[in-house]
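S.K.: Below is the file work27.cif, which contains mmCIF, C-alpha atoms.
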data_my_file
loop_
_atom_site.group_PDB
_atom_site.id
_atom_site.type_symbol
_atom_site.label_atom_id
_atom_site.label_comp_id
_atom_site.auth_asym_id
_atom_site.auth_seq_id
_atom_site.Cartn_x
_atom_site.Cartn_y
_atom_site.Cartn_z
ATOM 1 C CA MET T 1 0.000 0.000 0.000
ATOM 2 C CA LYS T 2 2.800 2.332 1.005
ATOM 3 C CA LEU T 3 4.648 1.550 -2.203
ATOM 4 C CA ILE T 4 1.573 2.339 -4.276
ATOM 5 C CA LEU T 5 1.184 5.653 -2.502
ATOM 6 C CA VAL T 6 4.802 6.559 -3.152
ATOM 7 C CA LYS T 7 4.442 5.612 -6.822
ATOM 8 C CA LEU T 8 1.246 7.666 -7.045
ATOM 9 C CA HIS T 9 3.006 10.635 -5.510
ATOM 10 C CA GLN T 10 5.895 10.312 -7.955
ATOM 11 C CA LEU T 11 3.459 10.065 -10.837
ATOM 12 C CA ASN T 12 1.599 13.158 -9.673
ATOM 13 C CA SER T 13 4.696 15.237 -9.199
ATOM 14 C CA ARG T 14 5.885 14.197 -12.644
ATOM 15 C CA LYS T 15 2.512 15.229 -14.020
ATOM 16 C CA ASN T 16 2.908 18.676 -12.473
ATOM 17 C CA LYS T 17 6.307 19.206 -13.978
ATOM 18 C CA LEU T 18 6.351 21.260 -17.130
ATOM 19 C CA LYS T 19 9.331 22.056 -19.301
ATOM 20 C CA PHE T 20 9.834 25.210 -21.301
ATOM 21 C CA SER T 21 12.505 26.687 -23.476
ATOM 22 C CA VAL T 22 13.356 30.363 -23.738
ATOM 23 C CA THR T 23 15.199 31.533 -26.823
ATOM 24 C CA VAL T 24 16.842 34.935 -26.551
ATOM 25 C CA THR T 25 17.812 36.916 -29.613
ATOM 26 C CA LEU T 26 19.269 40.379 -30.046
ATOM 27 C CA LYS T 27 16.791 42.938 -31.397
ATOM 28 C CA LYS T 28 17.054 43.649 -35.094
ATOM 29 C CA ASP T 29 18.749 47.026 -34.797
ATOM 30 C CA VAL T 30 21.297 46.045 -32.167
ATOM 31 C CA LEU T 31 24.807 45.415 -33.414
ATOM 32 C CA ASP T 32 25.956 41.810 -32.863
ATOM 33 C CA PRO T 33 29.753 41.827 -33.202
ATOM 34 C CA GLN T 34 30.086 38.215 -32.012
ATOM 35 C CA GLY T 35 27.582 36.973 -34.566
ATOM 36 C CA LYS T 36 29.369 38.977 -37.244
ATOM 37 C CA VAL T 37 32.735 37.362 -36.469
ATOM 38 C CA VAL T 38 31.178 33.891 -36.504
ATOM 39 C CA GLN T 39 29.490 34.689 -39.822
ATOM 40 C CA GLN T 40 32.728 35.966 -41.364
ATOM 41 C CA THR T 41 34.621 32.894 -40.179
ATOM 42 C CA LEU T 42 32.035 30.550 -41.710
ATOM 43 C CA GLN T 43 32.146 32.536 -44.946
ATOM 44 C CA ASN T 44 35.943 32.308 -44.948
ATOM 45 C CA MET T 45 35.557 28.545 -44.481
ATOM 46 C CA GLY T 46 33.719 28.423 -47.767
ATOM 47 C CA MET T 47 30.059 28.726 -46.752
ATOM 48 C CA LYS T 48 29.358 31.121 -49.609
ATOM 49 C CA THR T 49 25.554 30.986 -49.404
ATOM 50 C CA LEU T 50 25.554 32.160 -45.775
ATOM 51 C CA LYS T 51 23.957 35.603 -45.781
ATOM 52 C CA GLY T 52 23.259 36.384 -42.158
ATOM 53 C CA LEU T 53 23.958 35.088 -38.645
ATOM 54 C CA ARG T 54 22.921 36.392 -35.241
ATOM 55 C CA GLN T 55 24.071 34.881 -31.960
ATOM 56 C CA GLY T 56 21.656 34.377 -29.066
ATOM 57 C CA LYS T 57 21.042 32.515 -25.806
ATOM 58 C CA TYR T 58 18.922 29.517 -24.827
ATOM 59 C CA PHE T 59 17.443 28.497 -21.470
ATOM 60 C CA GLU T 60 15.661 25.243 -20.505
ATOM 61 C CA ILE T 61 13.370 25.661 -17.528
ATOM 62 C CA ASP T 62 11.570 23.001 -15.433
ATOM 63 C CA ILE T 63 8.657 24.299 -13.445
ATOM 64 C CA GLU T 64 6.217 22.613 -11.081
ATOM 65 C CA GLU T 65 2.820 23.890 -12.146
ATOM 66 C CA LYS T 66 -0.416 22.157 -13.107
ATOM 67 C CA GLU T 67 -1.645 24.680 -15.633
ATOM 68 C CA GLU T 68 0.362 25.568 -18.681
ATOM 69 C CA ILE T 69 -1.003 29.120 -18.658
ATOM 70 C CA THR T 70 0.160 29.812 -15.090
ATOM 71 C CA ALA T 71 3.523 28.212 -15.816
ATOM 72 C CA LYS T 72 3.961 30.387 -18.877
ATOM 73 C CA LYS T 73 3.092 33.470 -16.853
ATOM 74 C CA LYS T 74 5.747 32.564 -14.290
ATOM 75 C CA ILE T 75 8.361 32.056 -17.010
ATOM 76 C CA GLU T 76 7.358 35.375 -18.530
ATOM 77 C CA GLU T 77 7.985 36.989 -15.134
ATOM 78 C CA MET T 78 11.422 35.303 -14.888
ATOM 79 C CA CYS T 79 12.299 36.664 -18.309
ATOM 80 C CA LYS T 80 11.231 40.213 -17.543
ATOM 81 C CA LYS T 81 12.775 40.348 -14.064
ATOM 82 C CA LEU T 82 16.159 38.752 -14.750
ATOM 83 C CA LEU T 83 16.781 36.636 -17.821
ATOM 84 C CA ILE T 84 16.267 39.237 -20.525
ATOM 85 C CA ASN T 85 17.657 42.702 -21.089
ATOM 86 C CA LEU T 86 14.508 44.150 -22.625
ATOM 87 C CA ILE T 87 16.354 47.092 -24.148
ATOM 88 C CA ILE T 88 18.380 44.959 -26.523
ATOM 89 C CA GLU T 89 16.907 41.459 -26.462
ATOM 90 C CA ASP T 90 13.743 39.691 -27.671
ATOM 91 C CA TYR T 91 12.602 36.307 -26.380
ATOM 92 C CA LYS T 92 10.328 33.427 -27.276
ATOM 93 C CA ILE T 93 8.872 30.936 -24.792
ATOM 94 C CA ASN T 94 8.077 27.426 -26.028
ATOM 95 C CA LYS T 95 6.637 24.381 -24.273
ATOM 96 C CA ILE T 96 8.866 21.325 -24.755
ATOM 97 C CA MET Q 97 31.917 61.989 5.249
ATOM 98 C CA ASN Q 98 30.830 58.355 5.572
ATOM 99 C CA SER Q 99 31.266 56.065 2.619
ATOM 100 C CA SER Q 100 30.298 52.444 1.992
ATOM 101 C CA VAL Q 101 31.871 50.165 -0.578
ATOM 102 C CA ILE Q 102 29.739 47.184 -1.596
ATOM 103 C CA VAL Q 103 31.680 43.944 -2.062
ATOM 104 C CA PHE Q 104 30.503 41.032 -4.208
ATOM 105 C CA PRO Q 105 32.172 37.714 -4.934
ATOM 106 C CA GLY Q 106 34.352 38.706 -7.884
ATOM 107 C CA SER Q 107 34.773 42.412 -7.045
ATOM 108 C CA ASN Q 108 38.425 43.307 -7.587
ATOM 109 C CA CYS Q 109 38.598 47.110 -7.337
ATOM 110 C CA ASP Q 110 37.032 47.277 -3.871
ATOM 111 C CA ARG Q 111 40.359 47.777 -2.046
ATOM 112 C CA ASP Q 112 41.495 50.385 -4.597
ATOM 113 C CA ILE Q 113 38.392 52.504 -4.125
ATOM 114 C CA ALA Q 114 38.558 52.066 -0.325
ATOM 115 C CA ASN Q 115 42.157 53.254 -0.417
ATOM 116 C CA ALA Q 116 41.211 56.273 -2.544
ATOM 117 C CA LEU Q 117 38.303 57.189 -0.254
ATOM 118 C CA GLU Q 118 40.441 56.905 2.881
ATOM 119 C CA ARG Q 119 43.152 59.023 1.271
ATOM 120 C CA PHE Q 120 40.573 61.835 1.071
ATOM 121 C CA GLN Q 121 39.502 61.314 4.690
ATOM 122 C CA PHE Q 122 36.235 59.483 4.037
ATOM 123 C CA LYS Q 123 35.237 57.203 6.890
ATOM 124 C CA ASN Q 124 34.840 54.072 4.844
ATOM 125 C CA LYS Q 125 33.098 50.771 5.554
ATOM 126 C CA MET Q 126 33.173 47.648 3.380
ATOM 127 C CA VAL Q 127 29.717 46.047 3.029
ATOM 128 C CA TRP Q 128 29.328 42.389 1.992
ATOM 129 C CA HIS Q 129 26.547 41.806 -0.546
ATOM 130 C CA LYS Q 130 24.614 39.484 1.798
ATOM 131 C CA GLU Q 131 24.067 42.242 4.373
ATOM 132 C CA THR Q 132 20.524 43.532 4.645
ATOM 133 C CA THR Q 133 21.301 46.920 6.174
ATOM 134 C CA LEU Q 134 23.644 49.683 5.103
ATOM 135 C CA PRO Q 135 25.840 51.577 7.555
ATOM 136 C CA LYS Q 136 25.156 55.305 7.726
ATOM 137 C CA SER Q 137 26.538 56.583 4.423
ATOM 138 C CA ASP Q 138 26.776 59.859 2.555
ATOM 139 C CA ILE Q 139 28.034 58.018 -0.479
ATOM 140 C CA ILE Q 140 27.745 54.398 -1.591
ATOM 141 C CA VAL Q 141 30.300 53.078 -4.066
ATOM 142 C CA ILE Q 142 29.781 49.978 -6.192
ATOM 143 C CA PRO Q 143 33.280 48.998 -7.281
ATOM 144 C CA GLY Q 144 34.682 47.438 -10.416
ATOM 145 C CA GLY Q 145 35.404 43.779 -10.959
ATOM 146 C CA PHE Q 146 33.595 40.718 -12.203
ATOM 147 C CA SER Q 147 30.731 40.213 -9.757
ATOM 148 C CA TYR Q 148 29.471 36.629 -10.005
ATOM 149 C CA GLY Q 149 31.910 35.976 -12.838
ATOM 150 C CA ASP Q 150 29.787 38.129 -15.180
ATOM 151 C CA TYR Q 151 27.290 35.230 -15.380
ATOM 152 C CA LEU Q 152 24.128 35.841 -17.444
ATOM 153 C CA ARG Q 153 25.060 39.496 -18.171
ATOM 154 C CA SER Q 154 27.634 41.686 -16.448
ATOM 155 C CA GLY Q 155 26.064 42.958 -13.242
ATOM 156 C CA ALA Q 156 22.742 41.103 -13.699
ATOM 157 C CA ILE Q 157 23.098 38.774 -10.695
ATOM 158 C CA ALA Q 158 24.652 41.396 -8.394
ATOM 159 C CA ALA Q 159 21.730 43.716 -9.160
ATOM 160 C CA LYS Q 160 19.395 41.212 -7.436
ATOM 161 C CA SER Q 161 21.492 40.765 -4.272
ATOM 162 C CA ASN Q 162 20.227 41.610 -0.765
ATOM 163 C CA ILE Q 163 22.238 44.766 -0.278
ATOM 164 C CA LEU Q 164 21.206 46.237 -3.623
ATOM 165 C CA ASN Q 165 17.622 46.562 -2.341
ATOM 166 C CA GLU Q 166 19.018 48.855 0.342
ATOM 167 C CA VAL Q 167 21.192 50.723 -2.159
ATOM 168 C CA ILE Q 168 18.140 51.329 -4.358
ATOM 169 C CA LYS Q 169 16.167 52.653 -1.367
ATOM 170 C CA ALA Q 170 19.058 54.931 -0.341
ATOM 171 C CA ALA Q 171 19.540 56.142 -3.919
ATOM 172 C CA ASN Q 172 15.845 56.950 -4.259
ATOM 173 C CA SER Q 173 15.981 58.995 -1.071
ATOM 174 C CA GLY Q 174 18.862 61.079 -2.420
ATOM 175 C CA CYS Q 175 22.037 59.377 -1.136
ATOM 176 C CA LEU Q 176 25.018 59.729 -3.482
ATOM 177 C CA VAL Q 177 25.784 56.534 -5.405
ATOM 178 C CA LEU Q 178 28.869 56.012 -7.551
ATOM 179 C CA GLY Q 179 29.230 52.958 -9.781
ATOM 180 C CA ILE Q 180 32.569 52.395 -11.443
ATOM 181 C CA CYS Q 181 33.051 49.893 -14.278
ATOM 182 C CA ASN Q 182 31.231 46.743 -13.088
ATOM 183 C CA GLY Q 183 29.501 49.087 -10.626
ATOM 184 C CA PHE Q 184 28.121 51.045 -13.592
ATOM 185 C CA GLN Q 185 26.949 47.778 -15.168
ATOM 186 C CA ILE Q 186 25.214 46.848 -11.893
ATOM 187 C CA LEU Q 187 23.490 50.262 -11.647
ATOM 188 C CA ILE Q 188 22.235 49.799 -15.206
ATOM 189 C CA GLU Q 189 20.885 46.336 -14.347
ATOM 190 C CA THR Q 190 19.010 47.705 -11.301
ATOM 191 C CA GLY Q 191 17.381 50.319 -13.498
ATOM 192 C CA LEU Q 192 18.778 53.204 -11.411
ATOM 193 C CA LEU Q 193 20.536 54.356 -14.578
ATOM 194 C CA LYS Q 194 18.953 53.972 -17.992
ATOM 195 C CA GLY Q 195 20.430 52.451 -21.142
ATOM 196 C CA THR Q 196 22.633 49.408 -21.440
ATOM 197 C CA LEU Q 197 26.305 48.421 -21.756
ATOM 198 C CA LEU Q 198 27.073 46.167 -24.705
ATOM 199 C CA ARG Q 199 30.180 44.219 -25.560
ATOM 200 C CA ASN Q 200 33.039 46.444 -26.742
ATOM 201 C CA LYS Q 201 32.675 47.145 -30.440
ATOM 202 C CA LYS Q 202 35.955 45.461 -31.382
ATOM 203 C CA LEU Q 203 35.274 42.496 -29.079
ATOM 204 C CA LYS Q 204 38.458 43.001 -27.113
ATOM 205 C CA PHE Q 205 38.914 43.425 -23.399
ATOM 206 C CA LEU Q 206 40.349 46.934 -23.078
ATOM 207 C CA SER Q 207 42.884 47.729 -20.403
ATOM 208 C CA LYS Q 208 44.597 51.035 -21.029
ATOM 209 C CA ASP Q 209 44.751 54.718 -20.202
ATOM 210 C CA THR Q 210 42.303 56.854 -22.100
ATOM 211 C CA HIS Q 211 41.485 60.545 -22.219
ATOM 212 C CA VAL Q 212 38.169 61.684 -20.872
ATOM 213 C CA LYS Q 213 36.455 65.045 -21.248
ATOM 214 C CA ILE Q 214 34.348 66.599 -18.495
ATOM 215 C CA ILE Q 215 31.078 67.429 -20.240
ATOM 216 C CA ASN Q 216 29.076 68.732 -17.287
ATOM 217 C CA ASN Q 217 30.440 69.855 -13.952
ATOM 218 C CA ASN Q 218 27.166 71.053 -12.434
ATOM 219 C CA ASN Q 219 26.790 67.968 -10.283
ATOM 220 C CA LYS Q 220 28.166 66.765 -6.946
ATOM 221 C CA PHE Q 221 30.726 64.435 -8.540
ATOM 222 C CA CYS Q 222 32.404 66.776 -11.017
ATOM 223 C CA LYS Q 223 32.178 70.311 -9.646
ATOM 224 C CA ASN Q 224 35.919 70.536 -8.918
ATOM 225 C CA TYR Q 225 36.658 69.878 -12.590
ATOM 226 C CA GLN Q 226 36.335 72.520 -15.277
ATOM 227 C CA THR Q 227 33.803 71.799 -18.010
ATOM 228 C CA ASN Q 228 35.546 70.704 -21.236
ATOM 229 C CA SER Q 229 38.794 69.956 -19.434
ATOM 230 C CA VAL Q 230 40.563 66.741 -20.437
ATOM 231 C CA ILE Q 231 41.850 64.205 -17.919
ATOM 232 C CA LYS Q 232 43.508 60.825 -18.274
ATOM 233 C CA LEU Q 233 41.891 57.818 -16.614
ATOM 234 C CA ASN Q 234 42.325 54.073 -16.893
ATOM 235 C CA ILE Q 235 39.722 51.760 -18.428
ATOM 236 C CA ALA Q 236 39.544 48.000 -17.996
ATOM 237 C CA HIS Q 237 36.401 46.373 -19.360
ATOM 238 C CA ASN Q 238 34.847 44.027 -21.890
ATOM 239 C CA GLU Q 239 31.296 45.412 -21.815
ATOM 240 C CA GLY Q 240 31.539 49.192 -21.795
ATOM 241 C CA ASN Q 241 29.863 50.057 -25.057
ATOM 242 C CA TYR Q 242 27.083 52.350 -23.803
ATOM 243 C CA PHE Q 243 23.882 52.238 -25.817
ATOM 244 C CA THR Q 244 20.509 53.880 -25.321
ATOM 245 C CA SER Q 245 17.408 54.975 -27.212
ATOM 246 C CA ALA Q 246 17.461 58.176 -29.288
ATOM 247 C CA SER Q 247 14.894 59.783 -26.981
ATOM 248 C CA HIS Q 248 16.920 58.982 -23.845
ATOM 249 C CA LEU Q 249 20.089 60.280 -25.497
ATOM 250 C CA GLU Q 250 18.292 63.565 -26.163
ATOM 251 C CA GLU Q 251 17.206 63.653 -22.518
ATOM 252 C CA LEU Q 252 20.797 63.044 -21.359
ATOM 253 C CA LYS Q 253 21.966 65.973 -23.470
ATOM 254 C CA SER Q 254 19.196 68.429 -22.686
ATOM 255 C CA LYS Q 255 19.281 67.782 -18.934
ATOM 256 C CA ASP Q 256 23.108 67.879 -18.652
ATOM 257 C CA LEU Q 257 23.291 64.245 -17.520
ATOM 258 C CA ILE Q 258 26.405 63.263 -19.470
ATOM 259 C CA ALA Q 259 29.340 63.582 -17.073
ATOM 260 C CA PHE Q 260 32.214 62.210 -19.172
ATOM 261 C CA LYS Q 261 32.993 61.422 -22.796
ATOM 262 C CA TYR Q 262 35.964 59.607 -24.310
ATOM 263 C CA CYS Q 263 38.254 61.919 -26.283
ATOM 264 C CA ASP Q 264 41.854 62.200 -27.475
ATOM 265 C CA ASP Q 265 44.592 64.166 -25.688
ATOM 266 C CA LYS Q 266 43.400 67.385 -27.335
ATOM 267 C CA GLY Q 267 39.778 66.813 -26.364
ATOM 268 C CA ASN Q 268 38.531 65.769 -29.824
ATOM 269 C CA LEU Q 269 35.425 63.608 -29.724
ATOM 270 C CA ASN Q 270 35.365 61.214 -32.668
ATOM 271 C CA ASP Q 271 35.415 57.530 -33.609
ATOM 272 C CA GLU Q 272 39.175 57.241 -33.176
ATOM 273 C CA SER Q 273 39.013 58.564 -29.636
ATOM 274 C CA ASN Q 274 36.133 56.223 -28.781
ATOM 275 C CA PRO Q 275 37.693 53.014 -27.407
ATOM 276 C CA ASN Q 276 34.607 50.818 -27.075
ATOM 277 C CA GLY Q 277 31.997 52.115 -29.507
ATOM 278 C CA SER Q 278 29.808 53.904 -26.935
ATOM 279 C CA ILE Q 279 27.046 56.002 -28.424
ATOM 280 C CA ASP Q 280 28.183 59.642 -28.644
ATOM 281 C CA ASN Q 281 31.520 58.684 -26.942
ATOM 282 C CA ILE Q 282 29.718 58.488 -23.582
ATOM 283 C CA ALA Q 283 31.916 57.313 -20.671
ATOM 284 C CA GLY Q 284 29.762 58.273 -17.684
ATOM 285 C CA ILE Q 285 26.173 59.358 -17.039
ATOM 286 C CA LEU Q 286 24.021 60.667 -14.188
ATOM 287 C CA ASN Q 287 20.434 59.974 -13.243
ATOM 288 C CA GLU Q 288 17.874 62.738 -13.492
ATOM 289 C CA LYS Q 289 18.311 63.836 -9.856
ATOM 290 C CA LYS Q 290 22.106 63.835 -10.383
ATOM 291 C CA ASN Q 291 22.790 61.844 -7.200
ATOM 292 C CA ILE Q 292 23.840 58.691 -9.078
ATOM 293 C CA LEU Q 293 26.896 58.543 -11.335
ATOM 294 C CA GLY Q 294 27.866 55.525 -13.402
ATOM 295 C CA MET Q 295 31.182 55.551 -15.264
ATOM 296 C CA MET Q 296 33.400 53.018 -17.027
ATOM 297 C CA PRO Q 297 36.814 54.687 -16.362
ATOM 298 C CA HIS Q 298 38.490 54.192 -12.978
ATOM 299 C CA PRO Q 299 39.114 57.452 -11.079
ATOM 300 C CA GLU Q 300 40.306 55.492 -8.025
ATOM 301 C CA ARG Q 301 43.378 54.353 -9.970
ATOM 302 C CA MET Q 302 44.471 57.960 -10.543
ATOM 303 C CA VAL Q 303 44.761 59.499 -7.100
ATOM 304 C CA ASP Q 304 48.510 59.297 -6.530
ATOM 305 C CA LYS Q 305 50.991 61.185 -8.693
ATOM 306 C CA LEU Q 306 53.790 58.932 -7.521
ATOM 307 C CA ILE Q 307 52.385 55.764 -9.107
ATOM 308 C CA SER Q 308 50.071 57.068 -11.854
ATOM 309 C CA SER Q 309 48.522 60.535 -11.859
ATOM 310 C CA ASP Q 310 46.069 62.441 -9.729
ATOM 311 C CA ASP Q 311 43.560 63.191 -12.479
ATOM 312 C CA GLY Q 312 40.892 61.266 -10.583
ATOM 313 C CA ALA Q 313 41.408 63.136 -7.315
ATOM 314 C CA ASN Q 314 39.010 65.979 -8.144
ATOM 315 C CA LEU Q 315 36.123 63.544 -8.285
ATOM 316 C CA PHE Q 316 36.650 62.662 -4.618
ATOM 317 C CA LEU Q 317 37.337 66.284 -3.682
ATOM 318 C CA SER Q 318 34.107 67.326 -5.430
ATOM 319 C CA ILE Q 319 32.118 64.842 -3.351
ATOM 320 C CA LEU Q 320 33.764 66.135 -0.167
ATOM 321 C CA ASN Q 321 32.800 69.751 -0.851
#
Can the structure from this file be put into structure tokens for me?

M.R.:
Amino acid sequence: MKLILVKLHQLNSRKNKLKFSVTVTLKKDVLDPQGKVVQQTLQNMGMKTLKGLRQGKYFEIDIEEKEEITAKKKIEEMCKKLLINLIIEDYKINKI
Amino acid sequence: MNSSVIVFPGSNCDRDIANALERFQFKNKMVWHKETTLPKSDIIVIPGGFSYGDYLRSGAIAAKSNILNEVIKAANSGCLVLGICNGFQILIETGLLKGTLLRNKKLKFLSKDTHVKIINNNNKFCKNYQTNSVIKLNIAHNEGNYFTSASHLEELKSKDLIAFKYCDDKGNLNDESNPNGSIDNIAGILNEKKNILGMMPHPERMVDKLISSDDGANLFLSILN
């Protein structure tokens, strides 16, 4: 009985766990010197069809929430309060 | 005058600034970032360095530390706050100063002496300098490329909130005299109330003629007056 309860608990907590990704990109008008260097290097390596490259950041976030909407709201808050510099960066949240 | 220097894991200019402050007879206290109260201070200095190893963005983690809540409260009630280098980055991340500091335009860590022009001296940090005078200060940073919106730049100009600009030895402001690509050669800015100064160059490294120069001394003397 105890074992079943433990299993049930594990199952429930797994159910409540949601995973999201946050992709951070520099805004269009912001200069990206790192991306530029990477692009130039690839072009020098012979990738002639390469016409543009921008470097960004990627976060994977586990969150214990039942509702996807609430979880997304929380992630949004994390982005605005710490993860993103809203002056120069854009971000996209995706459920994974 | 009482001063407080905030210390984070990774700060490396904290002893330099403490030494400079004590040289000018400030009664200085070092404050660890985990503290939740500030000692009585007339000026709070956030020193240079690499707080939290520059993780996420330079200054981003330090800006959320315990003591910064107190610094923000003190700043909003008019206490003088000086952020140098990483300190400037931290002030930007707290929102006390507007704009942002990007990676240096040429992607190199810069560690050298550079000339700086005093653009406005009608504030508590610069009044001992003459407007348009040129001084030599040291810079040492990777993210010092100041950037802000066109409307905020206009505000900085019209309200005399630009304290310093990068220039050459003759005071010329152009691309060649701009080491990191900062918009309009900006090296240091004030908030609207002019009680907060953020600057990339290090005045604390230029307070002793014997080992460098004393071009930074007037900043401390201005605060004392």

S.K.: The PyMOL selection byres ((chain T and resi 96) around 9) on the file shown: which residues, as a list in words?

M.R.: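 For this structure, the PyMOL selection byres ((chain T and resi 96) around 9) captures Leu18, Lys19, Phe20, Ser21, Glu60, Asn94 and Lys95 of chain T.
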
S.K.: Which distance in Å separates atom CA of Q:Leu286 and atom CA of T:Lys28, to one decimal?

M.R.: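 Spanning atom CA of Q:Leu286 to atom CA of T:Lys28 is a straight-line distance of 27.8 Å.
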
S.K.: Find the residues of chain Q that sit at most 12 Å from chain T; for each, write down the nearest two atoms and how far apart they are in Å, to one decimal. Count all atoms listed in the file. Sort by chain, then by number going up, and give it as a Markdown table.

M.R.:
| residue | atom | partner | partner_atom | distance |
| --- | --- | --- | --- | --- |
| Q:Tyr151 | CA | T:Leu83 | CA | 10.9 |
| Q:Leu152 | CA | T:Leu83 | CA | 7.4 |
| Q:Arg153 | CA | T:Asn85 | CA | 8.6 |
| Q:Ser154 | CA | T:Asn85 | CA | 11.1 |
| Q:Gly155 | CA | T:Leu82 | CA | 10.9 |
| Q:Ala156 | CA | T:Leu82 | CA | 7.1 |
| Q:Ile157 | CA | T:Leu82 | CA | 8.0 |
| Q:Ala158 | CA | T:Leu82 | CA | 10.9 |
| Q:Ala159 | CA | T:Leu82 | CA | 9.3 |
| Q:Lys160 | CA | T:Leu82 | CA | 8.4 |
| Q:Ser161 | CA | T:Leu82 | CA | 11.9 |
| Q:Ile188 | CA | T:Asn85 | CA | 10.3 |
| Q:Glu189 | CA | T:Asn85 | CA | 8.3 |
| Q:Thr190 | CA | T:Leu82 | CA | 10.0 |
| Q:Gly191 | CA | T:Asn85 | CA | 10.8 |
| Q:Lys194 | CA | T:Ile87 | CA | 9.6 |
| Q:Gly195 | CA | T:Ile87 | CA | 7.4 |
| Q:Thr196 | CA | T:Ile87 | CA | 7.2 |
| Q:Leu197 | CA | T:Ile88 | CA | 9.9 |
| Q:Leu198 | CA | T:Ile88 | CA | 9.0 |
| Q:Arg199 | CA | T:Pro33 | CA | 8.0 |
| Q:Asn200 | CA | T:Pro33 | CA | 8.6 |
| Q:Lys201 | CA | T:Pro33 | CA | 6.7 |
| Q:Lys202 | CA | T:Pro33 | CA | 7.4 |
| Q:Leu203 | CA | T:Pro33 | CA | 6.9 |
| Q:Lys204 | CA | T:Pro33 | CA | 10.7 |
| Q:Asn241 | CA | T:Leu31 | CA | 10.8 |
| Q:Tyr242 | CA | T:Ile88 | CA | 11.7 |
| Q:Phe243 | CA | T:Ile88 | CA | 9.2 |
| Q:Thr244 | CA | T:Ile87 | CA | 8.0 |
| Q:Ser245 | CA | T:Ile87 | CA | 8.5 |
| Q:His248 | CA | T:Ile87 | CA | 11.9 |
| Q:Asn276 | CA | T:Pro33 | CA | 11.9 |
| Q:Gly277 | CA | T:Leu31 | CA | 10.6 |
| Q:Ser278 | CA | T:Leu31 | CA | 11.8 |
| Q:Ile279 | CA | T:Leu31 | CA | 11.9 |

S.K.: Counting all atoms listed in the file, what is within 12 Å of Q:Lys136, bar same-chain residues fewer than 6 positions away, as a short mmCIF file (atom, residue, chain, number, x, y, z; two decimals) with C-alpha atoms, in the frame of the given file?

M.R.:
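That gives us selection26.cif:
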data_model
loop_
_atom_site.label_atom_id
_atom_site.label_comp_id
_atom_site.auth_asym_id
_atom_site.auth_seq_id
_atom_site.Cartn_x
_atom_site.Cartn_y
_atom_site.Cartn_z
CA MET Q 97 31.92 61.99 5.25
CA ASN Q 98 30.83 58.36 5.57
CA SER Q 99 31.27 56.06 2.62
CA SER Q 100 30.30 52.44 1.99
CA VAL Q 101 31.87 50.16 -0.58
CA LYS Q 123 35.24 57.20 6.89
CA ASN Q 124 34.84 54.07 4.84
CA LYS Q 125 33.10 50.77 5.55
CA MET Q 126 33.17 47.65 3.38
CA VAL Q 127 29.72 46.05 3.03
CA GLU Q 166 19.02 48.86 0.34
CA VAL Q 167 21.19 50.72 -2.16
CA ALA Q 170 19.06 54.93 -0.34
CA CYS Q 175 22.04 59.38 -1.14
#

S.K.: For the structure provided, state which residues fall under the PyMOL selection byres ((chain Q and resi 289) around 10), and present them as a PyMOL selection string.

M.R.: chain Q and resi 171-172+174+219+255+257+286-288+290-292

S.K.: Between atom CA of Q:Phe120 and atom CA of Q:Leu317, measure the distance and give it in Å to one decimal.

M.R.: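 Separation between atom CA of Q:Phe120 and atom CA of Q:Leu317: 7.3 Å.
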
S.K.: Report, in Å with one decimal, the straight-line distance from atom CA of Q:Ala313 to atom CA of Q:Thr227.

M.R.: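 Value for the atom CA of Q:Ala313-atom CA of Q:Thr227 distance: 15.7 Å.
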
S.K.: Please return as a list of chain:residue names every residue within 10 Å of (19.5, 30.4, -25.5), taking into account all atoms listed in the file and the file's own coordinates.

M.R.: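 Returned residue set, sorted by chain then number, is T:Ser21, T:Val22, T:Thr23, T:Val24, T:Thr25, T:Gln55, T:Gly56, T:Lys57, T:Tyr58, T:Phe59, T:Glu60, T:Tyr91, T:Lys92.
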
S.K.: Save the residues we just selected, C-alpha atoms, as a short mmCIF file (atom, residue, chain, number, x, y, z; two decimals), in the frame of the given file?

M.R.:
data_model
loop_
_atom_site.label_atom_id
_atom_site.label_comp_id
_atom_site.auth_asym_id
_atom_site.auth_seq_id
_atom_site.Cartn_x
_atom_site.Cartn_y
_atom_site.Cartn_z
CA SER T 21 12.50 26.69 -23.48
CA VAL T 22 13.36 30.36 -23.74
CA THR T 23 15.20 31.53 -26.82
CA VAL T 24 16.84 34.94 -26.55
CA THR T 25 17.81 36.92 -29.61
CA GLN T 55 24.07 34.88 -31.96
CA GLY T 56 21.66 34.38 -29.07
CA LYS T 57 21.04 32.52 -25.81
CA TYR T 58 18.92 29.52 -24.83
CA PHE T 59 17.44 28.50 -21.47
CA GLU T 60 15.66 25.24 -20.50
CA TYR T 91 12.60 36.31 -26.38
CA LYS T 92 10.33 33.43 -27.28
#

S.K.: Near T:Gly52, counting all atoms listed in the file, which residues have an atom at most 9 Å away, once you skip same-chain residues fewer than 3 positions from it, shown as a PyMOL selection string?

M.R.: chain T and resi 35-36+39

S.K.: Any idea what's packed within 9 Å of Q:Phe184, counting only C-alpha atoms, ignoring anything in its chain fewer than 6 positions away? Could you give it as an MDAnalysis selection string?

M.R.: chainID Q and resid 142:144 155 178 193 197 284 293:296

S.K.: Tell me which residues the PyMOL selection byres ((chain Q and resi 131-134) around 6) grabs here, as a CSV table (one decimal) with C-alpha atoms, in the coordinates of the input.

M.R.:
chain,number,residue,atom,x,y,z
Q,128,TRP,CA,29.3,42.4,2.0
Q,129,HIS,CA,26.5,41.8,-0.5
Q,130,LYS,CA,24.6,39.5,1.8
Q,135,PRO,CA,25.8,51.6,7.6
Q,162,ASN,CA,20.2,41.6,-0.8
Q,163,ILE,CA,22.2,44.8,-0.3
